[in-house]
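File shown here: work_26.txt, holding compact mmCIF, C-alpha atoms.
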```txt
# COMPACT_ATOMS: atom_id res chain seq x y z
CA MET A 1 4.18 -32.82 75.82
CA LEU A 2 3.15 -29.58 77.48
CA LEU A 3 4.06 -25.98 76.64
CA SER A 4 4.27 -23.94 79.79
CA GLY A 5 4.37 -20.59 77.98
CA LEU A 6 6.57 -18.25 75.94
CA LEU A 7 9.37 -16.38 77.70
CA LEU A 8 10.84 -13.20 76.26
CA PRO A 9 13.80 -11.56 77.99
CA LEU A 10 12.84 -7.91 77.37
CA PRO A 11 9.79 -5.98 76.24
CA LEU A 12 9.62 -5.45 72.48
CA GLN A 13 10.12 -1.86 71.36
CA THR A 14 7.66 -0.40 68.88
CA PRO A 15 9.04 1.62 65.89
CA ASN A 16 7.22 4.69 67.25
CA PRO A 17 8.78 5.84 70.55
CA SER A 18 5.55 7.60 71.56
CA LEU A 19 3.75 4.26 71.82
CA PRO A 20 4.23 1.94 74.82
CA PRO A 21 6.41 -1.14 74.34
CA ILE A 22 4.79 -4.41 73.45
CA SER A 23 4.38 -6.46 76.59
CA THR A 24 5.68 -10.00 76.59
CA ALA A 25 2.52 -10.93 78.38
CA SER A 26 0.54 -10.01 75.30
CA LEU A 27 2.50 -12.62 73.39
CA ARG A 28 2.24 -15.40 76.04
CA PRO A 29 -0.65 -17.84 75.81
CA ARG A 30 -3.07 -17.83 78.64
CA ALA A 31 -2.31 -20.11 81.58
CA SER A 32 -3.82 -23.15 80.02
CA THR A 33 -2.02 -26.18 78.74
CA ILE A 34 -1.67 -26.66 75.05
CA ARG A 35 -1.56 -30.14 73.88
CA ARG A 36 -0.28 -31.53 70.59
CA ALA A 37 -2.74 -31.76 67.75
CA GLY A 38 -4.63 -34.95 68.17
CA GLY A 39 -4.43 -34.81 71.96
CA GLY A 40 -7.71 -34.90 73.80
CA GLY A 41 -8.96 -33.22 76.86
CA SER A 42 -11.19 -30.33 77.63
CA GLY A 43 -8.21 -28.04 78.31
CA ALA A 44 -6.84 -28.28 74.76
CA VAL A 45 -6.57 -24.95 72.90
CA PRO A 46 -7.03 -24.94 69.08
CA ARG A 47 -3.93 -23.97 67.06
CA LEU A 48 -5.88 -21.17 65.29
CA ALA A 49 -6.56 -19.49 68.63
CA LEU A 50 -2.88 -19.73 69.50
CA ARG A 51 -1.84 -18.16 66.19
CA ARG A 52 -4.25 -15.29 66.68
CA ARG A 53 -2.86 -14.62 70.16
CA LEU A 54 0.72 -14.65 68.84
CA GLU A 55 0.04 -12.23 65.95
CA VAL A 56 2.05 -8.99 66.08
CA ARG A 57 1.12 -6.13 63.79
CA ALA A 58 4.03 -4.00 62.61
CA LEU A 59 3.27 -0.32 62.69
CA ASP A 60 5.73 0.90 60.05
CA ALA A 61 6.09 -2.20 57.89
CA ALA A 62 6.27 -1.80 54.11
CA GLN A 63 2.85 -1.94 52.50
CA PRO A 64 2.14 -4.59 49.87
CA PHE A 65 1.63 -1.82 47.28
CA ASP A 66 3.45 1.46 46.74
CA HIS A 67 0.47 3.81 46.83
CA GLU A 68 2.53 6.90 45.93
CA SER A 69 3.93 5.17 42.87
CA ARG A 70 0.49 3.94 41.85
CA ALA A 71 -0.94 7.45 42.23
CA SER A 72 1.91 8.88 40.15
CA ASP A 73 1.36 6.28 37.43
CA LEU A 74 -2.37 7.03 37.41
CA LEU A 75 -1.71 10.76 37.07
CA GLU A 76 0.73 10.09 34.24
CA ARG A 77 -1.81 7.96 32.40
CA ARG A 78 -4.50 10.60 32.83
CA SER A 79 -2.20 13.21 31.29
CA LYS A 80 -1.96 11.18 28.07
CA LEU A 81 -4.35 11.73 25.19
CA LYS A 82 -5.79 9.56 22.46
CA ILE A 83 -5.13 11.62 19.33
CA ALA A 84 -6.52 10.85 15.88
CA ILE A 85 -4.46 12.39 13.07
CA ILE A 86 -6.47 12.95 9.90
CA GLY A 87 -4.05 13.31 7.01
CA PHE A 88 -0.98 11.18 7.68
CA GLY A 89 1.33 12.61 5.07
CA ASN A 90 4.71 14.22 5.68
CA PHE A 91 3.58 16.74 8.27
CA GLY A 92 1.21 14.35 10.06
CA GLN A 93 4.01 11.82 10.48
CA PHE A 94 6.35 14.58 11.63
CA LEU A 95 3.96 15.47 14.48
CA ALA A 96 3.21 11.82 15.27
CA HIS A 97 6.87 11.11 15.98
CA THR A 98 6.90 13.57 18.89
CA PHE A 99 3.40 12.68 20.09
CA ALA A 100 4.38 9.01 20.30
CA ARG A 101 7.65 9.77 22.09
CA GLN A 102 5.66 11.57 24.78
CA GLY A 103 3.50 8.47 25.27
CA HIS A 104 0.20 9.52 23.70
CA ALA A 105 -2.01 6.91 22.03
CA LEU A 106 -2.19 7.65 18.32
CA LEU A 107 -4.66 6.79 15.57
CA ALA A 108 -4.39 7.85 11.93
CA HIS A 109 -6.48 8.00 8.78
CA SER A 110 -5.58 9.18 5.30
CA ARG A 111 -6.68 8.78 1.70
CA SER A 112 -3.38 7.05 0.90
CA ASP A 113 -2.24 3.88 2.63
CA TYR A 114 0.35 4.84 5.23
CA SER A 115 -0.05 1.70 7.31
CA ASP A 116 3.66 0.80 7.14
CA ALA A 117 4.76 4.27 8.19
CA ALA A 118 2.16 4.26 10.98
CA ARG A 119 3.30 0.86 12.23
CA SER A 120 6.91 2.05 12.44
CA LEU A 121 5.77 4.91 14.70
CA GLY A 122 3.47 2.80 16.86
CA VAL A 123 0.37 4.39 15.35
CA SER A 124 -2.86 2.51 14.64
CA PHE A 125 -3.78 3.20 11.02
CA PHE A 126 -7.42 3.02 9.86
CA ARG A 127 -8.38 2.90 6.21
CA ASP A 128 -12.02 3.51 7.17
CA ALA A 129 -12.81 6.77 9.00
CA HIS A 130 -15.85 5.11 10.63
CA ASP A 131 -13.61 2.62 12.41
CA LEU A 132 -11.33 5.39 13.61
CA CYS A 133 -14.18 7.52 14.99
CA GLU A 134 -15.58 4.52 16.86
CA GLU A 135 -12.34 4.48 18.86
CA HIS A 136 -13.56 7.73 20.47
CA PRO A 137 -10.34 9.78 20.41
CA ASP A 138 -9.97 12.70 22.79
CA VAL A 139 -8.57 14.88 20.02
CA VAL A 140 -9.13 14.88 16.25
CA LEU A 141 -6.25 16.70 14.56
CA LEU A 142 -6.58 17.78 10.92
CA ALA A 143 -3.19 17.70 9.19
CA THR A 144 -4.54 17.83 5.64
CA SER A 145 -3.64 20.30 2.90
CA ILE A 146 -5.43 23.64 2.99
CA LEU A 147 -7.27 22.93 -0.26
CA SER A 148 -8.65 19.56 0.85
CA THR A 149 -9.62 20.49 4.42
CA GLY A 150 -13.26 21.25 3.68
CA ALA A 151 -13.88 18.01 1.78
CA VAL A 152 -12.09 15.92 4.42
CA LEU A 153 -14.00 17.46 7.31
CA ARG A 154 -17.34 16.94 5.57
CA SER A 155 -16.48 13.28 4.93
CA LEU A 156 -15.81 12.45 8.60
CA PRO A 157 -18.61 10.52 10.40
CA ILE A 158 -18.56 12.90 13.35
CA GLN A 159 -21.79 11.36 14.67
CA ARG A 160 -19.67 8.41 15.81
CA LEU A 161 -17.46 10.62 17.99
CA ARG A 162 -18.07 11.69 21.56
CA ARG A 163 -20.23 14.78 21.66
CA ASN A 164 -17.51 16.95 23.23
CA THR A 165 -14.52 15.86 21.11
CA LEU A 166 -11.74 18.43 20.67
CA PHE A 167 -11.00 19.35 17.04
CA VAL A 168 -7.60 20.87 16.21
CA ASP A 169 -6.10 22.05 12.94
CA VAL A 170 -2.47 22.80 12.07
CA LEU A 171 -3.01 24.73 8.83
CA SER A 172 -0.91 27.70 7.77
CA VAL A 173 -4.04 29.88 7.57
CA LYS A 174 -6.40 30.31 10.48
CA GLU A 175 -9.59 32.21 9.61
CA PHE A 176 -10.54 29.58 7.03
CA PRO A 177 -10.45 26.49 9.33
CA LYS A 178 -12.01 28.46 12.18
CA ASN A 179 -15.05 29.38 10.07
CA LEU A 180 -15.21 25.86 8.66
CA PHE A 181 -15.22 24.30 12.14
CA LEU A 182 -17.89 26.69 13.40
CA GLN A 183 -20.02 25.96 10.34
CA LEU A 184 -19.76 22.14 10.26
CA LEU A 185 -19.14 20.94 13.82
CA PRO A 186 -21.94 20.53 16.39
CA PRO A 187 -21.95 23.20 19.13
CA GLY A 188 -20.81 20.69 21.75
CA PHE A 189 -17.48 20.06 20.02
CA ASP A 190 -14.43 22.01 21.20
CA ILE A 191 -12.31 23.95 18.67
CA LEU A 192 -8.62 24.82 18.92
CA CYS A 193 -6.96 26.47 15.91
CA THR A 194 -3.17 26.15 15.89
CA HIS A 195 -0.20 26.79 13.64
CA PRO A 196 3.17 25.19 14.41
CA MET A 197 5.35 27.67 12.54
CA PHE A 198 7.94 25.04 11.68
CA GLY A 199 8.08 21.81 9.75
CA PRO A 200 10.05 18.64 9.12
CA GLU A 201 13.10 20.59 7.97
CA SER A 202 13.22 23.50 10.41
CA GLY A 203 12.09 21.34 13.33
CA LYS A 204 13.91 18.09 12.65
CA ALA A 205 16.56 18.64 15.34
CA SER A 206 14.48 20.37 17.99
CA TRP A 207 11.32 22.43 18.49
CA ALA A 208 12.94 24.56 21.19
CA GLY A 209 12.34 28.27 20.64
CA LEU A 210 10.15 27.74 17.56
CA PRO A 211 6.81 29.62 17.59
CA PHE A 212 3.55 27.75 18.11
CA VAL A 213 0.48 29.95 17.55
CA TYR A 214 -2.93 28.96 18.92
CA ASP A 215 -6.44 30.33 19.38
CA LYS A 216 -8.92 28.72 21.78
CA VAL A 217 -11.91 29.32 19.55
CA ARG A 218 -14.42 27.30 21.59
CA ILE A 219 -13.45 25.34 24.69
CA GLY A 220 -16.10 24.17 27.17
CA ASP A 221 -15.65 24.26 30.95
CA ALA A 222 -17.41 21.04 31.96
CA ASN A 223 -15.99 17.51 32.23
CA GLY A 224 -12.35 18.55 32.15
CA ARG A 225 -12.52 19.99 28.64
CA ALA A 226 -10.31 22.97 29.44
CA ASP A 227 -7.81 20.57 31.01
CA ARG A 228 -7.85 18.40 27.87
CA CYS A 229 -7.10 21.44 25.71
CA GLN A 230 -4.22 22.39 28.00
CA ARG A 231 -2.82 18.85 27.90
CA PHE A 232 -2.68 19.09 24.11
CA LEU A 233 -0.90 22.45 24.27
CA ASP A 234 1.49 20.99 26.84
CA ILE A 235 2.82 18.65 24.13
CA PHE A 236 4.40 21.62 22.38
CA GLU A 237 5.33 23.47 25.53
CA ARG A 238 7.25 20.42 26.79
CA GLU A 239 9.27 20.50 23.58
CA GLY A 240 10.30 24.09 24.29
CA CYS A 241 8.12 25.84 21.71
CA ARG A 242 7.53 29.56 22.10
CA MET A 243 3.79 29.53 22.83
CA VAL A 244 1.92 32.48 21.25
CA GLU A 245 -1.79 32.89 21.89
CA MET A 246 -3.20 34.98 19.03
CA SER A 247 -6.56 35.42 17.36
CA CYS A 248 -7.05 33.80 13.96
CA THR A 249 -7.57 37.25 12.41
CA ASP A 250 -4.30 38.63 13.76
CA HIS A 251 -2.48 35.48 12.73
CA ASP A 252 -3.55 35.78 9.09
CA GLU A 253 -2.60 39.45 8.96
CA ASN A 254 0.89 38.65 10.23
CA ALA A 255 1.27 35.41 8.26
CA ALA A 256 0.59 37.15 4.94
CA GLU A 257 3.85 39.02 5.35
CA ILE A 258 5.79 36.33 7.20
CA GLN A 259 4.85 33.34 5.06
CA PHE A 260 3.19 34.37 1.82
CA LEU A 261 5.70 37.12 1.06
CA THR A 262 8.61 34.77 1.78
CA HIS A 263 7.18 32.07 -0.49
CA THR A 264 6.41 34.62 -3.22
CA VAL A 265 9.93 36.08 -3.27
CA GLY A 266 11.42 32.59 -3.24
CA ARG A 267 9.31 31.49 -6.19
CA ILE A 268 10.03 34.67 -8.16
CA LEU A 269 13.74 34.05 -7.71
CA ALA A 270 13.21 30.44 -8.81
CA LYS A 271 11.76 31.76 -12.09
CA LEU A 272 15.12 33.50 -12.67
CA ASP A 273 16.86 30.10 -12.55
CA LEU A 274 19.63 31.39 -10.28
CA LYS A 275 22.88 29.39 -10.25
CA SER A 276 25.68 29.13 -7.76
CA THR A 277 28.90 30.84 -8.88
CA PRO A 278 32.56 30.67 -7.79
CA ILE A 279 32.23 34.13 -6.22
CA ASN A 280 29.00 33.76 -4.21
CA THR A 281 28.48 36.32 -1.46
CA LYS A 282 26.70 35.58 1.81
CA GLY A 283 23.67 37.52 0.61
CA TYR A 284 23.51 35.56 -2.63
CA GLU A 285 23.83 32.28 -0.69
CA THR A 286 20.86 33.42 1.39
CA LEU A 287 18.81 33.92 -1.78
CA LEU A 288 19.73 30.47 -3.07
CA ASN A 289 18.72 28.94 0.26
CA LEU A 290 15.44 30.84 0.14
CA VAL A 291 14.68 29.36 -3.28
CA GLU A 292 15.48 25.86 -2.05
CA ASN A 293 13.42 26.16 1.14
CA THR A 294 10.31 27.66 -0.45
CA CYS A 295 10.25 25.49 -3.55
CA SER A 296 10.67 22.32 -1.48
CA ASP A 297 7.09 22.90 -0.33
CA SER A 298 4.34 22.01 -2.77
CA PHE A 299 2.75 24.61 -5.00
CA GLU A 300 -0.54 23.46 -3.47
CA LEU A 301 0.60 24.88 -0.13
CA TYR A 302 1.62 28.16 -1.73
CA ASN A 303 -1.67 28.35 -3.61
CA GLY A 304 -3.55 27.68 -0.36
CA LEU A 305 -1.72 30.54 1.34
CA PHE A 306 -2.97 32.78 -1.45
CA MET A 307 -6.54 31.51 -1.82
CA TYR A 308 -7.48 31.17 1.85
CA ASN A 309 -5.87 34.26 3.31
CA LYS A 310 -7.63 37.42 2.18
CA ASN A 311 -4.57 39.46 3.17
CA SER A 312 -2.46 37.76 0.49
CA THR A 313 -4.18 39.55 -2.41
CA GLU A 314 -3.57 42.91 -0.80
CA LEU A 315 0.07 41.96 -0.24
CA LEU A 316 0.53 41.08 -3.92
CA ASP A 317 -0.90 44.48 -4.87
CA ARG A 318 1.49 46.18 -2.45
CA LEU A 319 4.36 44.15 -3.91
CA ASP A 320 3.45 45.32 -7.43
CA VAL A 321 3.28 48.95 -6.28
CA ALA A 322 6.60 48.63 -4.47
CA PHE A 323 8.29 47.08 -7.52
CA ASP A 324 6.90 49.75 -9.84
CA SER A 325 8.02 52.46 -7.44
CA LEU A 326 11.51 50.98 -7.32
CA LYS A 327 11.72 50.78 -11.12
CA LYS A 328 10.57 54.38 -11.47
CA GLU A 329 13.20 55.45 -8.99
CA LEU A 330 15.91 53.59 -10.87
CA PHE A 331 14.88 54.78 -14.33
CA GLY A 332 14.25 58.28 -13.00
CA ASN A 333 17.85 58.45 -11.80
CA LEU A 334 19.03 57.03 -15.12
CA HIS A 335 17.12 59.68 -17.08
CA ASP A 336 18.55 62.42 -14.89
CA ILE A 337 22.06 61.18 -15.57
CA LEU A 338 21.45 60.86 -19.30
CA ARG A 339 19.83 64.28 -19.39
CA LYS A 340 22.79 65.88 -17.63
CA GLN A 341 25.24 64.14 -19.94
CA LEU A 342 23.21 65.20 -22.99
CA PHE A 343 22.92 68.84 -21.97
CA LYS A 344 26.54 68.96 -20.88
CA SER A 345 27.64 67.56 -24.23
CA THR A 346 25.46 70.08 -26.11
CA GLN A 347 26.78 72.97 -24.10
CA SER A 348 30.37 71.91 -24.67
CA SER A 349 29.74 71.70 -28.41
CA LEU A 350 28.29 75.21 -28.50
CA GLU A 351 31.21 76.60 -26.56
CA ARG A 352 33.68 75.00 -28.94
CA ALA A 353 31.75 76.38 -31.92
CA ASN A 354 31.78 79.90 -30.53
CA ASN A 355 35.50 79.72 -29.97
```
File written out as structure tokens:
Amino acid sequence: MLLSGLLLPLPLQTPNPSLPPISTASLRPRASTIRRAGGGGSGAVPRLALRRRLEVRALDAAQPFDHESRASDLLERRSKLKIAIIGFGNFGQFLAHTFARQGHALLAHSRSDYSDAARSLGVSFFRDAHDLCEEHPDVVLLATSILSTGAVLRSLPIQRLRRNTLFVDVLSVKEFPKNLFLQLLPPGFDILCTHPMFGPESGKASWAGLPFVYDKVRIGDANGRADRCQRFLDIFEREGCRMVEMSCTDHDENAAEIQFLTHTVGRILAKLDLKSTPINTKGYETLLNLVENTCSDSFELYNGLFMYNKNSTELLDRLDVAFDSLKKELFGNLHDILRKQLFKSTQSSLERANN
């Protein structure tokens, strides 16, 4: 059986009008007979040659892979960080919840066993800090108490980390961790001091509008280190935080009044054992709430605000002076009133005696 050729009624149109149409001649086998497989003869043409001649390449056909999607996925993966949280207590878990929701890979280490809590958040928990450091996280975040920060940092096997690892703290004081990092970390390590000025209670619904203070103490330029620092800050910016870049010194000056004074007044009021009454005013309700909010934090935190912020001592002295001044003003007015009443009474007595 012979095939005399392929007949197409019209030229094929290419998807691109600027290109010439595909000629039917380009699809027709050459003027040689094609015999069935198994047929002999010198004029037989192999099937492979026929298939190659009949191949048509589509110009705008869908590609086997979506390159734009793959590029987008790659960019998304590169924006994610591997973050090691040191100190996986209440605040560490609070931060981990948002970090995990944004898709970052999380590791954790703590003195206590928080493996169940870590597992529920999709966090890999390490009882041994050596094992955690060998995972080579991009960021090591210290979420320890202020008082234990020095001991925890000294206990970390930082020699097992990459030589340009980014260290971040989230303490309520800033000069103390800054100096500690500069003293104990090798010069190749990056340092970012931060203070999320909210916590599990104030930030449980949303972080939108809440202040996040940071100071880029030491960030290198090479190997994308500045980009890595920005990707960490982007975590908080994506949540709507009010980003405030401020030096550690300025932060502690402001925080002494914002935080330490608030905690001090709340704890003084707690010493008075204030009770709710049937006739509470809005102002009194505010005081009761202040007591509840400040005393819900540990005394260790309050003590750390005092011990590791040199401005706190000065603030206590100013508070004493202000209280003494207020008492003198009150008692001074009282003495004036008593004096007037006394002299008025004496004068009246003399006038009655003379009459």
Quiz prompt | Counting all atoms listed in the file, the option among A:Leu272, A:Met197, A:Ile158, A:Ala118 closest to Gly209 in chain A | solution = A:Met197
Quiz item: Mind pulling up the distance from CA of Gly92 in chain A to CA of Gly199 in chain A?
Solution: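 For CA of Gly199 in chain A relative to CA of Gly92 in chain A, the distance reads 10.1 Å.
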Quiz item: So, counting only C-alpha atoms, which residue among A:Asp138, A:Asp128, A:Asp169, A:Glu329 is closest to Leu153 in chain A?
Solution: A:Asp169
Quiz item: In terms of the shortest atom-to-atom distance over only C-alpha atoms, which of A:Arg119, A:Lys204, A:Ser247, A:Asn90 is closest to Glu175 in chain A?
Solution: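 Answer, going by the shortest atom-to-atom distance: A:Ser247.
With all atoms listed in the file as the atoms that count, the minimum distance from Asn311 in chain A to the choices A:Thr249, A:Asn280, A:Ser325, A:Asn333 is reached by A:Thr249.
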Quiz item: Could you work out how far CA of Val168 in chain A lies from CA of Thr194 in chain A, giving the answer in Å with one decimal?
Solution: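 About the pair CA of Thr194 in chain A and CA of Val168 in chain A: they are 6.9 Å apart.
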Self-check item: Sel. within 10 Å of pt (4.9, 9.0, 26.5), counting all atoms listed in the file, output as a ChimeraX atom specification
Solution: /A:76-77,79-81,98-105
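Counting from CA of Ser148 in chain A, the distance to CA of Pro186 in chain A is 20.5 Å.
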Exercise. Name the closest residue to Val139 in chain A among the candidates A:Asp324, A:Asp273, A:Glu245, A:Asp190; distances are taken between atoms, counting only C-alpha atoms.
Key: A:Asp190
Exercise. Considering only C-alpha atoms, state which residue in the set A:Phe94, A:Phe189, A:Trp207, A:Phe198 is at the smallest distance from Ala222 in chain A.
Key: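 The shortest atom-to-atom distance to Ala222 in chain A comes from A:Phe189.
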Selection: 6 Å around range 144-146 of chain A, all atoms listed in the file, excl. self and same-chain fewer than 2 positions, as a CSV table (one decimal) with C-alpha atoms, keeping the file's coordinate frame:
```csv
chain,number,residue,atom,x,y,z
A,87,GLY,CA,-4.0,13.3,7.0
A,142,LEU,CA,-6.6,17.8,10.9
A,148,SER,CA,-8.6,19.6,0.8
A,149,THR,CA,-9.6,20.5,4.4
A,304,GLY,CA,-3.6,27.7,-0.4
```
Exercise. Within 9 Å of Lys310 in chain A, counting only C-alpha atoms, which residues show up once you throw out same-chain ones fewer than 5 positions away? Write them as a PyMOL selection string, please.
Key: chain A and resi 252-253+256
Quiz item: Hey, what's within 12 Å of Gly224 in chain A if we count all atoms listed in the file and toss same-chain stuff fewer than 4 positions away? As a ChimeraX atom specification, please?
Solution: /A:78-79,138,164-166,190,219-220,228-231
Can you write out the residues you just picked, keeping C-alpha atoms, as an mmCIF file, in the frame of the given file?
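As written to disk, selection_9.cif reads:
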```
data_model
loop_
_atom_site.group_PDB
_atom_site.id
_atom_site.type_symbol
_atom_site.label_atom_id
_atom_site.label_comp_id
_atom_site.auth_asym_id
_atom_site.auth_seq_id
_atom_site.Cartn_x
_atom_site.Cartn_y
_atom_site.Cartn_z
ATOM 1 C CA ARG A 78 -4.500 10.600 32.830
ATOM 2 C CA SER A 79 -2.200 13.210 31.290
ATOM 3 C CA ASP A 138 -9.970 12.700 22.790
ATOM 4 C CA ASN A 164 -17.510 16.950 23.230
ATOM 5 C CA THR A 165 -14.520 15.860 21.110
ATOM 6 C CA LEU A 166 -11.740 18.430 20.670
ATOM 7 C CA ASP A 190 -14.430 22.010 21.200
ATOM 8 C CA ILE A 219 -13.450 25.340 24.690
ATOM 9 C CA GLY A 220 -16.100 24.170 27.170
ATOM 10 C CA ARG A 228 -7.850 18.400 27.870
ATOM 11 C CA CYS A 229 -7.100 21.440 25.710
ATOM 12 C CA GLN A 230 -4.220 22.390 28.000
ATOM 13 C CA ARG A 231 -2.820 18.850 27.900
#
```
Quiz item: Within 12 Å of (6.5, 43.3, -3.1), only C-alpha atoms: residues as a ChimeraX atom specification?
Solution: /A:256-257,260-266,268,312-326
Practice problem: Extract, using all atoms listed in the file, all DNA, RNA and protein residues at most 6 Å from Ala208 in chain A, discarding same-chain residues fewer than 3 positions from it, and format them as a PyMOL selection string. | Solution: chain A and resi 239-241
